[in-house]
Amino acid sequence: MKRVLPLQLGRSVLVIFFAFPIVFMLISSFKPDAQIFADLTSLKAILPVGDISLDNYRGVFHRVPAERLLLNSVGISLVTVALGILINSMAAFALSRMRWRGRRVVLAAIIATLIVPFETFALPLVWWVNKLPWLEVHGFHLTLTSGWLDTYHVQILPFVANAFSIYLFFQYFSSIPVELDEAARMDGAGWFGIYRRVVMPLSGPAIATVAILTFLPAWNSYLWPLMVVQSEDLRPVMVGIQYFFQLNVSWGQIMAYASMITVPVLVLFVAFQRAFIGSIASAGVKG
Amino acid sequence: MSATTAPRQVAEQAIPRQVRTANARSRETLIGAAMASPAVILLVVFFLVPVALAFGLAFTNARLISPRPPRFVGADNFIRLFGDSFFWASLRNTAYFAVVVVPVQAGLALVLALLANAKVRGTNFFRTVYFAPVVTSMVVISLLWRFIYQPDGLLNQIISAVTFGHSHGTDWLNNPTTAMPAIMFMSVWQAVGFHMIIWLAGLQTIPRDLYEAASLDGASAWKTFTHVTWPSLRATRTFILITITIGALSLFTQINVMTQGGPLDRTTTVVFMAVRAGYEQQSTGYAAAVSLVFFVLVLTVSGVQRFLTREKA
């Protein structure tokens, strides 16, 4: 018992240290600027007391196209996650459960890409996507456009295929008994049938892990949209922060906007805490 | 891999006609390649090509928006780069950040993991709290700490409160000596939970009986740590070292949101410089040269780390 008490005390100090800035942000988002500064010196900084209102949130919607920013980010993240699960799991299925020529080379090449950080080729990538063609559909007309800058797909497609997701699916699929494939084949299932009806329904944890590890960077992305998106209509939430430093700075509104784009992720995190932490841990155990 | 091949060989032997097997084989190759191709094509277009371009464009005068095709200029970009004081400042700051943040963050994360691993109540709750900054976007975190570091911000208010008004702190992000340490402190605070979870996953793979044996031998807590825990964490250690280093070398968002490289170039970094050259000044060729130097830096550092932490036979 004697040794436990200082341990608990130490941990409580750490909890305050880690939780304080985020709690402060949430609480301040309900206070007018003057009160945020007045409350700084006391415990009131993290208590919802005094002049509490939703004014800052209303102000945010007046000041920036917040609905549009949020909708863009929700759409971009969800499409990236959905396509990412589909495409990476199919590749992992072909690599782990099928026997075809060249698959070892492909697998080795995919794993090798893991060591290269995005930042090392982000700028050549900007130049490159500016050259890529795209088919646009106008009614019954197809027009070939050139350059992907300032579109939704430039914010999605480069992040769909992911070596790490393929690796996670590969590991998981390899642990599913291959006898199940044989049984399904007896029942007349083809390869795609085995993928869709046998392997994927058994892979809930792997799908959840990949979904989380794709969603977080998609929602939090900043550097990439900063470089490739100019139109206000196409911007995601993180880039929207720039609006707040153009005119006079209102910290209450900044805290409100920051809370709006953070709370959804925090709620997801608390609800799926085990899956979140498990997915990060599984990222690390690979060694 | 071995578990999957055995039953398949049995199944193949059961089919006497060679032709059917060969047919099924080529079908399997076709479908397998087809299922892998969407991911492979995307990786080629958005990974392989831009990486190759980083090497090619670095020797050209390519601009982001230009009617003329890029022209080969040899080593011009590199000559300009190595004569650019801004580049040397960026390199120095990046190294400074990595040298401080890597050991501090890895060490603190290990301490937190050991605390979280101890059998006391509320472990789940503590883990959740430490991890909350990890899921919060770096943009939001940087913004929040910009407020904390303001001249009339939270930190200075606390400093003057605990010193009874004798000390008032400083303008942390605009003071050349404190700007980088302030960013380091915040960065460690944000990411330490991530590495705590990875240490924790490593700790939980250590067999219980090793600890039981140690306690039977009457080993102290410190002896148990140095003889059981630390040697068992080799793989985890390598992974953490390399991920923190690469993350530290890629420092960008904090700089962009908090200081824009200032004051007096004390917080500019290699990635920040590359983004500025490529995106604001539109000179892709020069940015590609910076990226290439960065690429070599990352590969060298992680290669050296891998060599130093290798399994000694």
# chains A, B, ... in the order shown; residues from 1 in each chain; ligands from 1
call {"tool": "residues_around", "arguments": {"residues": "Leu251 of chain B", "least_positions_apart": "2", "cutoff": "10 Å", "atoms": "only C-alpha atoms", "output": "ChimeraX atom specification"}}
result
/A:119 /B:93-94,97-98,187,246-249,253-256,267-272
call {"tool": "write_last_selection", "arguments": {"atoms": "all heavy atoms", "output": "short mmCIF file (atom, residue, chain, number, x, y, z; two decimals), in the first residue's frame"}}
result
data_model
loop_
_atom_site.label_atom_id
_atom_site.label_comp_id
_atom_site.auth_asym_id
_atom_site.auth_seq_id
_atom_site.Cartn_x
_atom_site.Cartn_y
_atom_site.Cartn_z
N GLU A 119 6.79 13.11 -46.58
CA GLU A 119 7.40 14.44 -46.78
C GLU A 119 8.52 14.42 -47.81
O GLU A 119 8.82 15.45 -48.39
CB GLU A 119 7.94 14.98 -45.45
CG GLU A 119 6.87 15.44 -44.48
CD GLU A 119 6.27 14.29 -43.69
OE1 GLU A 119 6.66 13.12 -43.91
OE2 GLU A 119 5.38 14.56 -42.86
N ASN B 93 18.57 23.25 -37.29
CA ASN B 93 17.38 23.19 -36.43
C ASN B 93 16.75 21.81 -36.41
O ASN B 93 16.30 21.34 -35.37
CB ASN B 93 16.34 24.21 -36.90
CG ASN B 93 16.81 25.62 -36.75
OD1 ASN B 93 17.64 25.92 -35.89
ND2 ASN B 93 16.32 26.51 -37.60
N THR B 94 16.70 21.17 -37.59
CA THR B 94 16.13 19.83 -37.68
C THR B 94 16.94 18.86 -36.82
O THR B 94 16.38 18.05 -36.07
CB THR B 94 16.11 19.35 -39.14
OG1 THR B 94 15.43 20.32 -39.93
CG2 THR B 94 15.40 18.02 -39.28
N PHE B 97 16.34 19.56 -33.09
CA PHE B 97 15.03 19.03 -32.68
C PHE B 97 15.11 17.53 -32.47
O PHE B 97 14.68 17.00 -31.45
CB PHE B 97 13.99 19.37 -33.75
CG PHE B 97 12.59 18.97 -33.41
CD1 PHE B 97 11.78 19.79 -32.62
CD2 PHE B 97 12.06 17.78 -33.88
CE1 PHE B 97 10.48 19.42 -32.31
CE2 PHE B 97 10.76 17.40 -33.57
CZ PHE B 97 9.98 18.22 -32.79
N ALA B 98 15.71 16.82 -33.45
CA ALA B 98 15.75 15.36 -33.37
C ALA B 98 16.61 14.89 -32.20
O ALA B 98 16.22 13.99 -31.45
CB ALA B 98 16.28 14.78 -34.69
N SER B 187 5.74 19.18 -28.76
CA SER B 187 5.75 18.00 -29.63
C SER B 187 5.84 16.71 -28.81
O SER B 187 5.18 15.73 -29.12
CB SER B 187 6.90 18.08 -30.62
OG SER B 187 6.83 19.29 -31.33
N ILE B 246 12.26 9.46 -37.53
CA ILE B 246 11.70 9.89 -38.82
C ILE B 246 10.66 10.99 -38.60
O ILE B 246 10.63 12.00 -39.30
CB ILE B 246 11.12 8.69 -39.59
CG1 ILE B 246 12.27 7.77 -40.01
CG2 ILE B 246 10.33 9.15 -40.82
CD1 ILE B 246 11.86 6.54 -40.77
N GLY B 247 9.81 10.80 -37.56
CA GLY B 247 8.81 11.83 -37.23
C GLY B 247 9.48 13.16 -36.91
O GLY B 247 9.05 14.22 -37.36
N ALA B 248 10.57 13.11 -36.14
CA ALA B 248 11.25 14.34 -35.72
C ALA B 248 11.90 15.03 -36.92
O ALA B 248 11.83 16.25 -37.05
CB ALA B 248 12.30 14.02 -34.66
N LEU B 249 12.48 14.25 -37.80
CA LEU B 249 13.12 14.84 -38.97
C LEU B 249 12.09 15.48 -39.91
O LEU B 249 12.40 16.40 -40.66
CB LEU B 249 13.94 13.79 -39.74
CG LEU B 249 15.16 13.20 -39.02
CD1 LEU B 249 15.79 12.11 -39.86
CD2 LEU B 249 16.19 14.28 -38.72
N THR B 253 4.32 20.76 -39.45
CA THR B 253 3.06 21.40 -39.08
C THR B 253 3.21 22.42 -37.96
O THR B 253 2.71 23.55 -38.05
CB THR B 253 2.03 20.32 -38.68
OG1 THR B 253 1.89 19.41 -39.75
CG2 THR B 253 0.69 20.94 -38.36
N GLN B 254 3.93 22.03 -36.90
CA GLN B 254 4.11 22.94 -35.76
C GLN B 254 4.74 24.25 -36.21
O GLN B 254 4.34 25.33 -35.78
CB GLN B 254 5.03 22.30 -34.71
CG GLN B 254 4.49 21.04 -34.07
CD GLN B 254 4.98 19.78 -34.77
OE1 GLN B 254 4.86 19.65 -35.99
NE2 GLN B 254 5.49 18.83 -34.01
N ILE B 255 5.74 24.14 -37.10
CA ILE B 255 6.44 25.32 -37.58
C ILE B 255 5.49 26.19 -38.40
O ILE B 255 5.43 27.41 -38.25
CB ILE B 255 7.63 24.90 -38.48
CG1 ILE B 255 8.55 23.94 -37.73
CG2 ILE B 255 8.39 26.12 -38.98
CD1 ILE B 255 9.13 24.46 -36.46
N ASN B 256 4.74 25.54 -39.26
CA ASN B 256 3.83 26.29 -40.14
C ASN B 256 2.76 27.02 -39.35
O ASN B 256 2.42 28.15 -39.67
CB ASN B 256 3.20 25.32 -41.14
CG ASN B 256 2.44 26.04 -42.23
OD1 ASN B 256 1.24 26.27 -42.08
ND2 ASN B 256 3.12 26.44 -43.28
N THR B 267 13.65 28.44 -36.13
CA THR B 267 12.77 27.27 -36.13
C THR B 267 12.47 26.74 -37.53
O THR B 267 11.61 25.89 -37.69
CB THR B 267 11.42 27.56 -35.42
OG1 THR B 267 10.74 28.57 -36.14
CG2 THR B 267 11.63 27.99 -33.99
N THR B 268 13.17 27.26 -38.53
CA THR B 268 12.92 26.71 -39.86
C THR B 268 13.49 25.29 -39.92
O THR B 268 14.46 24.97 -39.23
CB THR B 268 13.54 27.60 -40.96
OG1 THR B 268 13.76 26.79 -42.10
CG2 THR B 268 14.83 28.20 -40.53
N THR B 269 12.85 24.40 -40.69
CA THR B 269 13.32 23.01 -40.78
C THR B 269 13.42 22.60 -42.25
O THR B 269 12.97 23.34 -43.13
CB THR B 269 12.34 22.05 -40.09
OG1 THR B 269 11.09 22.10 -40.78
CG2 THR B 269 12.14 22.41 -38.64
N VAL B 270 13.99 21.43 -42.49
CA VAL B 270 14.23 21.00 -43.87
C VAL B 270 12.91 20.86 -44.63
O VAL B 270 12.77 21.33 -45.76
CB VAL B 270 15.02 19.68 -43.89
CG1 VAL B 270 15.24 19.22 -45.33
CG2 VAL B 270 16.36 19.86 -43.21
N VAL B 271 11.90 20.21 -44.00
CA VAL B 271 10.62 20.04 -44.70
C VAL B 271 9.94 21.39 -44.89
O VAL B 271 9.38 21.67 -45.94
CB VAL B 271 9.70 19.06 -43.94
CG1 VAL B 271 8.34 18.99 -44.59
CG2 VAL B 271 10.33 17.67 -43.90
N PHE B 272 10.04 22.25 -43.88
CA PHE B 272 9.44 23.59 -44.00
C PHE B 272 10.07 24.35 -45.16
O PHE B 272 9.39 25.00 -45.96
CB PHE B 272 9.62 24.36 -42.70
CG PHE B 272 8.99 25.73 -42.72
CD1 PHE B 272 7.62 25.87 -42.65
CD2 PHE B 272 9.77 26.87 -42.83
CE1 PHE B 272 7.03 27.13 -42.68
CE2 PHE B 272 9.19 28.13 -42.88
CZ PHE B 272 7.82 28.25 -42.80
#
call {"tool": "residues_around", "arguments": {"residues": "segment 111-116 of chain A", "least_positions_apart": "6", "cutoff": "8 Å", "atoms": "only C-alpha atoms", "output": "list in words"}}
result
Ala163, Phe164 and Tyr167 of chain A; Phe295 of chain B
call {"tool": "interface_residues", "arguments": {"of": "chain A", "to": "chain B", "cutoff": "6 Å", "atoms": "only C-alpha atoms", "output": "list of chain:residue names"}}
result
A:Phe18, A:Thr41, A:Ile87, A:Met90, A:Ala91, A:Ala94, A:Trp100, A:Thr120, A:Phe121, A:Pro124, A:Leu125, A:Trp127, A:Pro158, A:Ala161, A:Val178, A:Asn220, A:Ala258, A:Ala281, A:Gly284, A:Gly287
call {"tool": "write_last_selection", "arguments": {"atoms": "N, CA, C and O atoms", "output": "compact mmCIF listing (two decimals), in the first residue's frame"}}
result
# COMPACT_ATOMS: atom_id res chain seq x y z
N PHE A 18 -1.63 16.13 -19.03
CA PHE A 18 -2.02 15.72 -20.38
C PHE A 18 -3.43 16.17 -20.76
O PHE A 18 -3.69 16.46 -21.92
N THR A 41 -5.81 32.98 -14.59
CA THR A 41 -4.98 32.87 -13.39
C THR A 41 -5.56 31.95 -12.33
O THR A 41 -4.91 31.71 -11.32
N ILE A 87 -9.53 -1.78 -51.51
CA ILE A 87 -8.39 -2.00 -52.40
C ILE A 87 -7.22 -2.69 -51.69
O ILE A 87 -6.62 -3.63 -52.23
N MET A 90 -8.12 -6.40 -50.90
CA MET A 90 -8.06 -7.24 -52.11
C MET A 90 -6.61 -7.58 -52.45
O MET A 90 -6.29 -8.73 -52.75
N ALA A 91 -5.75 -6.58 -52.38
CA ALA A 91 -4.34 -6.83 -52.68
C ALA A 91 -3.76 -7.83 -51.68
O ALA A 91 -3.06 -8.77 -52.05
N ALA A 94 -4.94 -11.36 -52.43
CA ALA A 94 -4.23 -11.96 -53.55
C ALA A 94 -2.81 -12.35 -53.15
O ALA A 94 -2.29 -13.36 -53.59
N TRP A 100 0.45 -17.07 -57.21
CA TRP A 100 0.65 -16.60 -58.59
C TRP A 100 2.07 -16.10 -58.74
O TRP A 100 2.73 -15.72 -57.78
N THR A 120 9.18 13.27 -48.01
CA THR A 120 10.32 13.25 -48.92
C THR A 120 9.90 13.36 -50.39
O THR A 120 10.71 13.73 -51.22
N PHE A 121 8.66 12.99 -50.69
CA PHE A 121 8.28 13.10 -52.10
C PHE A 121 7.00 13.92 -52.29
O PHE A 121 6.42 13.94 -53.38
N PRO A 124 7.58 16.74 -55.29
CA PRO A 124 7.47 16.16 -56.64
C PRO A 124 6.06 15.64 -56.93
O PRO A 124 5.59 15.74 -58.06
N LEU A 125 5.38 15.15 -55.90
CA LEU A 125 4.01 14.66 -56.09
C LEU A 125 3.07 15.81 -56.49
O LEU A 125 2.19 15.63 -57.34
N TRP A 127 3.89 18.46 -58.18
CA TRP A 127 4.20 18.75 -59.60
C TRP A 127 3.57 17.69 -60.49
O TRP A 127 3.00 17.99 -61.53
N PRO A 158 -4.40 9.70 -53.81
CA PRO A 158 -3.02 9.37 -53.43
C PRO A 158 -2.91 8.63 -52.09
O PRO A 158 -1.89 8.04 -51.80
N ALA A 161 -4.27 3.59 -51.61
CA ALA A 161 -3.38 2.43 -51.50
C ALA A 161 -2.34 2.73 -50.43
O ALA A 161 -1.72 3.79 -50.44
N VAL A 178 -6.62 -22.04 -44.08
CA VAL A 178 -6.80 -22.13 -45.52
C VAL A 178 -7.83 -23.20 -45.88
O VAL A 178 -8.40 -23.19 -46.97
N ASN A 220 -7.09 14.60 -40.21
CA ASN A 220 -6.11 15.56 -39.69
C ASN A 220 -5.21 16.13 -40.77
O ASN A 220 -4.30 16.89 -40.46
N ALA A 258 -11.71 24.96 -33.14
CA ALA A 258 -10.80 23.84 -32.82
C ALA A 258 -11.58 22.72 -32.12
O ALA A 258 -11.36 21.54 -32.40
N ALA A 281 -1.09 -0.23 -31.18
CA ALA A 281 -0.17 -1.22 -30.62
C ALA A 281 0.23 -2.24 -31.68
O ALA A 281 1.39 -2.60 -31.80
N GLY A 284 2.93 -1.23 -33.76
CA GLY A 284 4.25 -1.22 -33.18
C GLY A 284 4.86 -2.60 -32.98
O GLY A 284 6.06 -2.75 -33.01
N GLY A 287 7.72 -4.75 -35.13
CA GLY A 287 9.15 -4.75 -34.84
C GLY A 287 10.06 -4.56 -36.03
O GLY A 287 9.67 -4.51 -37.16
call {"tool": "select_by_dssp", "arguments": {"residues": "segment 133-281 of chain B", "states": "helix (DSSP H, G or I)", "output": "number ranges by chain"}}
result
B: 133-135, 138-149, 154-162, 172-174, 179-203, 208-216, 221-232, 234-249, 253-258, 270-280
call {"tool": "atom_distance", "arguments": {"atom1": "atom CA of Val13 of chain A", "atom2": "atom CA of Val267 of chain A"}}
result
23.7 Å
call {"tool": "residues_around", "arguments": {"residues": "Phe272 of chain A", "least_positions_apart": "5", "cutoff": "10 Å", "atoms": "only C-alpha atoms", "output": "compact mmCIF listing (two decimals) with N, CA, C and O atoms, in the first residue's frame"}}
result
# COMPACT_ATOMS: atom_id res chain seq x y z
N ALA A 208 -11.27 -2.89 -38.79
CA ALA A 208 -11.37 -1.78 -37.84
C ALA A 208 -10.02 -1.07 -37.71
O ALA A 208 -9.95 0.17 -37.72
N ILE A 212 -9.34 2.86 -38.77
CA ILE A 212 -8.84 3.89 -37.83
C ILE A 212 -7.56 4.51 -38.36
O ILE A 212 -7.41 5.74 -38.38
N LEU A 266 -12.47 12.83 -30.86
CA LEU A 266 -12.36 12.42 -29.45
C LEU A 266 -13.50 11.50 -29.06
O LEU A 266 -13.30 10.52 -28.33
N VAL A 267 -14.72 11.80 -29.55
CA VAL A 267 -15.88 10.95 -29.23
C VAL A 267 -15.67 9.56 -29.82
O VAL A 267 -15.85 8.54 -29.13
N ILE A 277 -6.48 1.96 -29.51
CA ILE A 277 -5.20 1.68 -28.87
C ILE A 277 -4.64 0.37 -29.40
O ILE A 277 -3.44 0.26 -29.68
N GLY A 278 -5.53 -0.61 -29.61
CA GLY A 278 -5.08 -1.89 -30.17
C GLY A 278 -4.48 -1.71 -31.55
O GLY A 278 -3.46 -2.32 -31.87
call {"tool": "closest_residue", "arguments": {"among": "A:Gly252, A:Pro264, A:Pro201, A:Gly147", "to": "Leu216 of chain A", "atoms": "only C-alpha atoms"}}
result
A:Pro264
call {"tool": "atom_distance", "arguments": {"atom1": "atom CA of Met260 of chain A", "atom2": "atom CA of Gln242 of chain A"}}
result
15.1 Å
call {"tool": "residues_around", "arguments": {"residues": "Ile16 of chain A", "least_positions_apart": "5", "cutoff": "12 Å", "atoms": "only C-alpha atoms", "output": "number ranges by chain"}}
result
A: 9-11, 21-24, 46; B: 126, 129-130
